[in-house]
file target-v3.cif (mmCIF, C-alpha atoms)
data_protein
#
loop_
_atom_site.label_atom_id
_atom_site.label_comp_id
_atom_site.auth_asym_id
_atom_site.auth_seq_id
_atom_site.Cartn_x
_atom_site.Cartn_y
_atom_site.Cartn_z
CA MET A 1 -3.33 -106.02 34.62
CA GLU A 2 -4.18 -103.17 32.25
CA ARG A 3 -5.94 -104.29 29.07
CA GLU A 4 -6.69 -101.01 27.39
CA SER A 5 -5.63 -97.42 27.95
CA GLU A 6 -6.42 -94.43 25.79
CA VAL A 7 -6.55 -90.64 25.85
CA ILE A 8 -9.76 -88.86 24.83
CA PHE A 9 -10.18 -85.13 24.20
CA TRP A 10 -13.42 -83.15 24.29
CA ARG A 11 -13.79 -79.46 23.58
CA ARG A 12 -16.59 -77.20 24.74
CA THR A 13 -18.69 -75.83 21.90
CA ASP A 14 -20.52 -73.19 23.95
CA MET A 15 -17.34 -71.48 25.25
CA ALA A 16 -13.57 -71.94 25.29
CA GLY A 17 -12.67 -75.12 27.14
CA LEU A 18 -10.91 -78.45 26.70
CA GLU A 19 -10.81 -81.78 28.52
CA ARG A 20 -8.12 -84.47 28.39
CA LEU A 21 -9.24 -87.81 29.84
CA THR A 22 -7.15 -90.96 30.23
CA LEU A 23 -9.28 -94.08 30.37
CA ALA A 24 -7.82 -97.40 31.55
CA VAL A 25 -9.92 -100.57 31.38
CA CYS A 26 -8.57 -103.29 33.67
CA ALA A 27 -9.90 -106.73 34.58
CA ASP A 28 -11.18 -105.62 38.00
CA ALA A 29 -12.06 -101.95 37.38
CA VAL A 30 -12.14 -99.01 34.99
CA TYR A 31 -10.13 -95.90 35.88
CA ALA A 32 -10.46 -92.43 34.43
CA VAL A 33 -8.25 -89.42 35.16
CA SER A 34 -9.02 -86.08 33.59
CA SER A 35 -8.20 -82.38 33.51
CA VAL A 36 -10.65 -79.74 32.32
CA ILE A 37 -9.63 -76.16 31.52
CA CYS A 38 -12.46 -73.69 30.98
CA VAL A 39 -12.90 -69.91 30.78
CA GLU A 40 -16.33 -69.99 32.50
CA ASP A 41 -16.61 -68.16 35.88
CA GLY A 42 -13.29 -66.35 35.44
CA GLY A 43 -11.44 -69.48 34.33
CA TYR A 44 -10.64 -72.65 36.22
CA ARG A 45 -9.01 -76.05 36.08
CA ILE A 46 -10.79 -79.14 37.34
CA ASP A 47 -9.10 -82.51 37.80
CA HIS A 48 -11.34 -85.52 38.32
CA ARG A 49 -10.40 -89.12 39.10
CA TRP A 50 -12.83 -92.04 38.86
CA LYS A 51 -12.86 -95.65 39.99
CA ILE A 52 -15.57 -97.58 38.16
CA SER A 53 -16.70 -101.20 38.40
CA PRO A 54 -16.22 -103.48 35.36
CA ASP A 55 -19.97 -103.11 34.63
CA TRP A 56 -19.61 -99.30 34.51
CA ARG A 57 -20.97 -98.29 37.94
CA ALA A 58 -19.10 -95.39 39.52
CA LEU A 59 -17.52 -96.44 42.81
CA SER A 60 -15.70 -93.24 43.70
CA LEU A 61 -14.90 -89.81 42.34
CA GLU A 62 -12.43 -87.18 43.48
CA VAL A 63 -12.77 -83.64 42.09
CA GLU A 64 -10.26 -80.81 42.58
CA LYS A 65 -10.85 -77.26 41.38
CA TRP A 66 -8.39 -74.40 40.99
CA GLY A 67 -9.66 -70.97 40.01
CA ALA A 68 -9.61 -67.28 40.92
CA GLY A 69 -7.09 -67.82 43.71
CA GLU A 70 -9.04 -70.65 45.35
CA TYR A 71 -8.69 -74.41 45.67
CA THR A 72 -11.58 -76.77 46.49
CA ARG A 73 -11.71 -80.53 46.76
CA LEU A 74 -14.67 -82.90 46.87
CA THR A 75 -14.92 -86.69 47.13
CA LEU A 76 -17.93 -88.83 46.35
CA GLU A 77 -18.03 -92.54 47.26
CA ARG A 78 -20.68 -95.19 46.79
CA ALA A 79 -21.77 -96.52 50.21
CA GLY A 80 -24.28 -99.36 49.90
CA LYS A 81 -27.42 -97.84 48.35
CA GLY A 82 -26.26 -94.32 49.14
CA TRP A 83 -23.31 -91.97 48.83
CA LYS A 84 -20.73 -90.30 51.02
CA VAL A 85 -19.60 -86.76 50.22
CA ASP A 86 -16.23 -85.92 51.78
CA GLY A 87 -16.55 -88.99 54.00
CA MET A 88 -20.01 -88.12 55.37
CA HIS A 89 -23.17 -90.06 54.46
CA ARG A 90 -25.64 -87.88 52.53
CA PRO A 91 -29.19 -89.25 53.04
CA ASP A 92 -30.53 -86.91 50.33
CA LEU A 93 -28.47 -88.89 47.79
CA ASP A 94 -29.77 -92.32 48.84
CA GLY A 95 -30.99 -94.22 45.81
CA ALA A 96 -29.03 -92.07 43.32
CA ASP A 97 -27.65 -94.28 40.56
CA GLU A 98 -24.55 -92.42 39.35
CA PRO A 99 -22.59 -89.16 39.68
CA ASP A 100 -22.94 -86.43 37.06
CA LEU A 101 -20.11 -83.88 37.02
CA SER A 102 -21.29 -80.79 35.13
CA VAL A 103 -18.06 -80.05 33.21
CA THR A 104 -17.60 -83.38 31.43
CA PRO A 105 -19.54 -85.54 28.97
CA PHE A 106 -17.81 -88.61 30.44
CA CYS A 107 -20.60 -89.07 33.05
CA ASN A 108 -23.12 -89.81 30.31
CA THR A 109 -21.26 -93.07 29.66
CA PHE A 110 -22.69 -94.70 32.83
CA PRO A 111 -26.39 -94.57 31.88
CA ILE A 112 -25.57 -95.19 28.21
CA GLN A 113 -23.73 -98.39 29.19
CA ARG A 114 -26.81 -99.48 31.19
CA LEU A 115 -29.08 -98.89 28.19
CA LYS A 116 -26.74 -100.99 26.11
CA THR A 117 -26.28 -103.93 28.51
CA GLU A 118 -29.92 -103.99 29.62
CA LYS A 119 -31.09 -103.65 25.98
CA ARG A 120 -33.47 -100.83 26.87
CA GLU A 121 -34.85 -98.01 24.74
CA SER A 122 -35.22 -95.56 27.64
CA LEU A 123 -33.71 -95.14 31.10
CA THR A 124 -34.68 -92.71 33.88
CA LEU A 125 -32.29 -92.37 36.80
CA GLU A 126 -31.39 -90.28 39.82
CA THR A 127 -27.91 -88.76 39.85
CA CYS A 128 -25.56 -87.12 42.31
CA TYR A 129 -25.25 -83.89 40.31
CA ILE A 130 -21.98 -82.06 41.01
CA ASP A 131 -22.07 -78.39 40.00
CA ALA A 132 -18.45 -77.61 39.13
CA ALA A 133 -18.94 -73.85 39.55
CA SER A 134 -20.05 -74.15 43.19
CA MET A 135 -18.57 -77.61 43.96
CA THR A 136 -21.88 -78.68 45.49
CA VAL A 137 -23.72 -82.01 45.21
CA ALA A 138 -27.49 -82.42 44.87
CA CYS A 139 -29.84 -85.16 43.72
CA SER A 140 -31.20 -84.69 40.19
CA ARG A 141 -33.26 -86.79 37.77
CA GLN A 142 -32.39 -87.56 34.12
CA ARG A 143 -33.72 -89.62 31.24
CA TYR A 144 -31.97 -91.11 28.22
CA ASP A 145 -33.98 -92.19 25.16
CA ARG A 146 -32.42 -94.23 22.37
CA LEU A 147 -33.26 -92.62 19.02
CA ARG A 148 -31.32 -95.11 16.87
CA PRO A 149 -27.98 -96.95 17.20
CA ASN A 150 -25.34 -94.58 18.64
CA PHE A 151 -27.82 -91.68 18.93
CA LEU A 152 -29.70 -90.76 22.11
CA ARG A 153 -31.62 -87.88 23.61
CA TYR A 154 -30.76 -86.63 27.08
CA ILE A 155 -33.65 -85.04 29.02
CA ASP A 156 -33.12 -83.30 32.36
CA LEU A 157 -36.04 -83.95 34.70
CA GLY A 158 -34.41 -82.44 37.80
CA LEU A 159 -32.34 -79.37 38.60
CA SER A 160 -32.31 -78.14 34.99
CA ALA A 161 -35.76 -79.46 34.07
CA GLY A 162 -36.64 -78.81 30.45
CA PHE A 163 -33.05 -79.03 29.15
CA GLU A 164 -32.68 -81.56 26.32
CA ALA A 165 -29.75 -82.48 24.08
CA ASP A 166 -29.06 -85.01 21.35
CA LEU A 167 -26.03 -87.23 21.95
CA GLN A 168 -23.94 -89.16 19.47
CA VAL A 169 -21.78 -91.93 20.97
CA ASP A 170 -19.22 -94.42 19.76
CA ASP A 171 -19.71 -98.19 20.08
CA ARG A 172 -18.41 -98.10 23.68
CA GLY A 173 -20.94 -95.47 24.76
CA LEU A 174 -18.44 -92.59 24.94
CA ILE A 175 -19.67 -89.20 23.73
CA VAL A 176 -18.69 -88.13 20.22
CA SER A 177 -21.02 -85.12 20.16
CA TYR A 178 -23.20 -83.60 22.89
CA GLN A 179 -25.50 -81.04 21.23
CA ASP A 180 -24.40 -77.44 21.84
CA LEU A 181 -21.94 -78.37 24.65
CA PHE A 182 -19.16 -80.87 23.79
CA GLU A 183 -17.51 -82.62 20.87
CA ARG A 184 -14.71 -85.14 20.69
CA VAL A 185 -11.46 -83.88 19.23
CA ALA A 186 -8.87 -86.15 17.61
CA ALA A 187 -5.37 -85.98 19.06
CA ARG A 188 -2.76 -84.77 16.61
#

call {"tool": "encode", "arguments": {"input": "target-v3.cif", "output": "structure tokens"}}
result
Amino acid sequence: MERESEVIFWRRTDMAGLERLTLAVCADAVYAVSSVICVEDGGYRIDHRWKISPDWRALSLEVEKWGAGEYTRLTLERAGKGWKVDGMHRPDLDGADEPDLSVTPFCNTFPIQRLKTEKRESLTLETCYIDAASMTVACSRQRYDRLRPNFLRYIDLGLSAGFEADLQVDDRGLIVSYQDLFERVAAR
């Protein structure tokens, strides 16, 4: 039975782009369905669908991309302590904690929820980083440091090592502002 459903919008602040995400919190799972439109790489649309456990662990993700006359699809599923990409086990992703899809700030919610529930000031984790431009998946390392309530610093320790950004979140751990990349937009 659905308890809560809402629509969230984020806009890109580094280029023209917009995301519309529908989030449904149910007793047995959390579901998110989203569309991203962006002018990067000649323009594209990405749809992503998530199934998430009640404690905010990603269980599965389906990503579809349309752009420049091409269509690509990718699935990512948790499989024990590892992950399957398009149905095939990927040993290089074993031990990765969560997915991180490059075109959305929604993925930051997973580690932020862990910081909150585990009452930690810092969290370092491995992710299944999905590059939306190439639709490839690779393991990458990240860290989140709590600066004060509802403010964190994201530090990339992996594929984009050296990248840092300040994050402002709401009380549920959803991004309000992601420095130089995304900001929440109110629906009108």

call {"tool": "resolve_selection", "arguments": {"input": "target-v3.cif", "expression": "the PyMOL selection byres ((chain A and resi 148-161) around 9)", "output": "list in words"}}
result
Asn108, Ile112, Thr124, Glu126, Tyr129, Ala138, Cys139, Ser140, Arg141, Gln142, Arg143, Tyr144, Asp145, Arg146, Leu147, Gly162, Phe163, Glu164, Ala165, Asp166, Leu167, Gln168, Val169, Asp170, Asp171 and Gly173 of chain A

call {"tool": "resolve_selection", "arguments": {"input": "target-v3.cif", "expression": "the PyMOL selection byres ((chain A and resi 62) around 6)", "output": "ChimeraX atom specification"}}
result
/A:48-49,61,63,74-75

call {"tool": "residues_near_point", "arguments": {"input": "target-v3.cif", "point": "(-22.2, -94.8, 35.6)", "cutoff": "10 Å", "atoms": "all atoms listed in the file", "output": "ChimeraX atom specification"}}
result
/A:52-53,55-59,97-100,106-114,127

call {"tool": "resolve_selection", "arguments": {"input": "target-v3.cif", "expression": "the PyMOL selection byres ((chain A and resi 72) around 10)", "output": "number ranges by chain"}}
result
A: 46, 63-67, 70-71, 73-74, 134-135

call {"tool": "closest_residue", "arguments": {"input": "target-v3.cif", "among": "A:Glu19, A:Asp86, A:Glu77, A:Glu183", "to": "Thr104 (chain A)", "atoms": "all atoms listed in the file"}}
result
A:Glu19

call {"tool": "closest_residue", "arguments": {"input": "target-v3.cif", "among": "A:Lys119, A:Tyr44, A:His89, A:Arg184", "to": "Trp10 (chain A)", "atoms": "all atoms listed in the file"}}
result
A:Arg184

call {"tool": "atom_distance", "arguments": {"input": "target-v3.cif", "atom1": "CA of Ile37 (chain A)", "atom2": "CA of Gly87 (chain A)"}}
result
26.8 Å

call {"tool": "atom_distance", "arguments": {"input": "target-v3.cif", "atom1": "CA of Ala24 (chain A)", "atom2": "CA of Cys38 (chain A)"}}
result
24.2 Å

call {"tool": "atom_distance", "arguments": {"input": "target-v3.cif", "atom1": "CA of Glu6 (chain A)", "atom2": "CA of Cys128 (chain A)"}}
result
26.3 Å

call {"tool": "residues_around", "arguments": {"input": "target-v3.cif", "residues": "Phe182 (chain A)", "least_positions_apart": "5", "cutoff": "9 Å", "atoms": "only C-alpha atoms", "output": "short mmCIF file (atom, residue, chain, number, x, y, z; two decimals) with C-alpha atoms, in the frame of the given file"}}
result
data_model
loop_
_atom_site.label_atom_id
_atom_site.label_comp_id
_atom_site.auth_asym_id
_atom_site.auth_seq_id
_atom_site.Cartn_x
_atom_site.Cartn_y
_atom_site.Cartn_z
CA TRP A 10 -13.42 -83.15 24.29
CA ARG A 11 -13.79 -79.46 23.58
CA ARG A 12 -16.59 -77.20 24.74
CA THR A 13 -18.69 -75.83 21.90
CA ASP A 14 -20.52 -73.19 23.95
CA THR A 104 -17.60 -83.38 31.43
CA PRO A 105 -19.54 -85.54 28.97
CA ILE A 175 -19.67 -89.20 23.73
CA VAL A 176 -18.69 -88.13 20.22
CA SER A 177 -21.02 -85.12 20.16
#

call {"tool": "decode", "arguments": {"input": "target-v3.cif", "residues": "region 58-177 of chain A", "atoms": "C-alpha atoms", "output": "mmCIF file, in the first residue's frame"}}
result
data_model
loop_
_atom_site.group_PDB
_atom_site.id
_atom_site.type_symbol
_atom_site.label_atom_id
_atom_site.label_comp_id
_atom_site.auth_asym_id
_atom_site.auth_seq_id
_atom_site.Cartn_x
_atom_site.Cartn_y
_atom_site.Cartn_z
ATOM 1 C CA ALA A 58 19.230 0.177 -3.979
ATOM 2 C CA LEU A 59 17.986 -3.232 -5.112
ATOM 3 C CA SER A 60 17.718 -2.608 -8.846
ATOM 4 C CA LEU A 61 18.055 0.136 -11.415
ATOM 5 C CA GLU A 62 17.019 0.292 -15.054
ATOM 6 C CA VAL A 63 18.418 3.099 -17.223
ATOM 7 C CA GLU A 64 17.307 3.926 -20.778
ATOM 8 C CA LYS A 65 18.983 6.568 -22.933
ATOM 9 C CA TRP A 66 17.765 8.198 -26.132
ATOM 10 C CA GLY A 67 20.051 10.578 -27.989
ATOM 11 C CA ALA A 68 21.577 11.387 -31.381
ATOM 12 C CA GLY A 69 19.585 8.666 -33.124
ATOM 13 C CA GLU A 70 20.571 5.931 -30.666
ATOM 14 C CA TYR A 71 18.879 3.992 -27.888
ATOM 15 C CA THR A 72 20.748 2.193 -25.086
ATOM 16 C CA ARG A 73 19.482 0.289 -22.079
ATOM 17 C CA LEU A 74 21.284 -0.884 -18.957
ATOM 18 C CA THR A 75 20.115 -2.790 -15.879
ATOM 19 C CA LEU A 76 21.886 -3.053 -12.550
ATOM 20 C CA GLU A 77 20.729 -5.506 -9.865
ATOM 21 C CA ARG A 78 22.049 -6.280 -6.406
ATOM 22 C CA ALA A 79 23.143 -9.940 -6.247
ATOM 23 C CA GLY A 80 24.280 -10.935 -2.755
ATOM 24 C CA LYS A 81 27.434 -8.895 -2.044
ATOM 25 C CA GLY A 82 27.854 -8.046 -5.711
ATOM 26 C CA TRP A 83 26.025 -6.705 -8.734
ATOM 27 C CA LYS A 84 24.711 -7.914 -12.066
ATOM 28 C CA VAL A 85 24.884 -5.631 -15.093
ATOM 29 C CA ASP A 86 22.431 -6.631 -17.829
ATOM 30 C CA GLY A 87 21.952 -9.982 -16.086
ATOM 31 C CA MET A 88 25.670 -10.848 -15.892
ATOM 32 C CA HIS A 89 27.631 -10.911 -12.623
ATOM 33 C CA ARG A 90 30.360 -8.242 -12.576
ATOM 34 C CA PRO A 91 33.147 -9.331 -10.169
ATOM 35 C CA ASP A 92 34.769 -5.876 -10.422
ATOM 36 C CA LEU A 93 31.691 -4.449 -8.654
ATOM 37 C CA ASP A 94 31.748 -6.925 -5.742
ATOM 38 C CA GLY A 95 31.590 -5.044 -2.464
ATOM 39 C CA ALA A 96 30.180 -1.856 -4.029
ATOM 40 C CA ASP A 97 27.596 -0.341 -1.701
ATOM 41 C CA GLU A 98 25.281 1.590 -4.032
ATOM 42 C CA PRO A 99 24.799 2.751 -7.631
ATOM 43 C CA ASP A 100 25.681 6.303 -8.648
ATOM 44 C CA LEU A 101 24.085 7.488 -11.900
ATOM 45 C CA SER A 102 25.989 10.541 -13.153
ATOM 46 C CA VAL A 103 22.997 12.607 -14.332
ATOM 47 C CA THR A 104 20.987 12.744 -11.106
ATOM 48 C CA PRO A 105 21.488 13.982 -7.540
ATOM 49 C CA PHE A 106 19.010 11.317 -6.370
ATOM 50 C CA CYS A 107 21.835 8.751 -5.875
ATOM 51 C CA ASN A 108 23.350 10.871 -3.107
ATOM 52 C CA THR A 109 20.310 10.022 -0.980
ATOM 53 C CA PHE A 110 21.550 6.451 -0.334
ATOM 54 C CA PRO A 111 24.788 7.336 1.507
ATOM 55 C CA ILE A 112 23.145 10.360 3.146
ATOM 56 C CA GLN A 113 20.440 8.081 4.570
ATOM 57 C CA ARG A 114 23.171 5.779 5.950
ATOM 58 C CA LEU A 115 24.922 8.714 7.634
ATOM 59 C CA LYS A 116 21.623 9.676 9.199
ATOM 60 C CA THR A 117 20.522 6.232 10.420
ATOM 61 C CA GLU A 118 24.001 5.180 11.555
ATOM 62 C CA LYS A 119 24.537 8.584 13.236
ATOM 63 C CA ARG A 120 27.928 9.009 11.588
ATOM 64 C CA GLU A 121 29.874 12.154 10.734
ATOM 65 C CA SER A 122 31.661 10.635 7.729
ATOM 66 C CA LEU A 123 31.071 7.720 5.359
ATOM 67 C CA THR A 124 33.369 6.296 2.674
ATOM 68 C CA LEU A 125 31.860 3.837 0.215
ATOM 69 C CA GLU A 126 32.376 2.066 -3.085
ATOM 70 C CA THR A 127 29.806 2.736 -5.792
ATOM 71 C CA CYS A 128 28.737 1.262 -9.107
ATOM 72 C CA TYR A 129 29.327 4.484 -11.056
ATOM 73 C CA ILE A 130 27.182 4.693 -14.195
ATOM 74 C CA ASP A 131 28.482 7.219 -16.732
ATOM 75 C CA ALA A 132 25.339 8.376 -18.546
ATOM 76 C CA ALA A 133 27.288 9.645 -21.564
ATOM 77 C CA SER A 134 28.839 6.242 -22.319
ATOM 78 C CA MET A 135 26.314 4.036 -20.441
ATOM 79 C CA THR A 136 29.179 2.163 -18.793
ATOM 80 C CA VAL A 137 29.532 0.930 -15.200
ATOM 81 C CA ALA A 138 32.740 1.027 -13.144
ATOM 82 C CA CYS A 139 33.618 0.833 -9.462
ATOM 83 C CA SER A 140 34.404 4.197 -7.849
ATOM 84 C CA ARG A 141 35.031 5.425 -4.303
ATOM 85 C CA GLN A 142 33.297 8.366 -2.574
ATOM 86 C CA ARG A 143 33.204 10.038 0.819
ATOM 87 C CA TYR A 144 30.509 12.101 2.516
ATOM 88 C CA ASP A 145 31.378 14.354 5.467
ATOM 89 C CA ARG A 146 28.680 15.970 7.603
ATOM 90 C CA LEU A 147 29.454 19.683 7.991
ATOM 91 C CA ARG A 148 26.358 20.521 10.065
ATOM 92 C CA PRO A 149 22.695 19.442 10.023
ATOM 93 C CA ASN A 150 21.453 19.213 6.406
ATOM 94 C CA PHE A 151 24.861 20.221 4.977
ATOM 95 C CA LEU A 152 27.486 17.754 3.733
ATOM 96 C CA ARG A 153 30.594 17.669 1.603
ATOM 97 C CA TYR A 154 30.913 15.110 -1.177
ATOM 98 C CA ILE A 155 34.488 14.047 -2.041
ATOM 99 C CA ASP A 156 35.268 11.818 -5.021
ATOM 100 C CA LEU A 157 38.086 9.414 -4.202
ATOM 101 C CA GLY A 158 37.744 7.308 -7.363
ATOM 102 C CA LEU A 159 37.175 7.958 -11.053
ATOM 103 C CA SER A 160 36.968 11.744 -10.612
ATOM 104 C CA ALA A 161 39.435 11.956 -7.716
ATOM 105 C CA GLY A 162 39.822 15.489 -6.416
ATOM 106 C CA PHE A 163 36.258 16.582 -7.222
ATOM 107 C CA GLU A 164 34.446 18.016 -4.183
ATOM 108 C CA ALA A 165 31.042 19.638 -3.764
ATOM 109 C CA ASP A 166 28.956 20.978 -0.899
ATOM 110 C CA LEU A 167 25.476 19.482 -0.606
ATOM 111 C CA GLN A 168 22.396 20.868 1.080
ATOM 112 C CA VAL A 169 19.655 18.322 1.818
ATOM 113 C CA ASP A 170 16.168 18.327 3.254
ATOM 114 C CA ASP A 171 15.238 16.378 6.390
ATOM 115 C CA ARG A 172 14.735 13.196 4.322
ATOM 116 C CA GLY A 173 18.222 13.364 2.808
ATOM 117 C CA LEU A 174 17.087 14.493 -0.651
ATOM 118 C CA ILE A 175 19.272 17.070 -2.399
ATOM 119 C CA VAL A 176 18.162 20.700 -2.266
ATOM 120 C CA SER A 177 21.405 22.061 -3.711
#
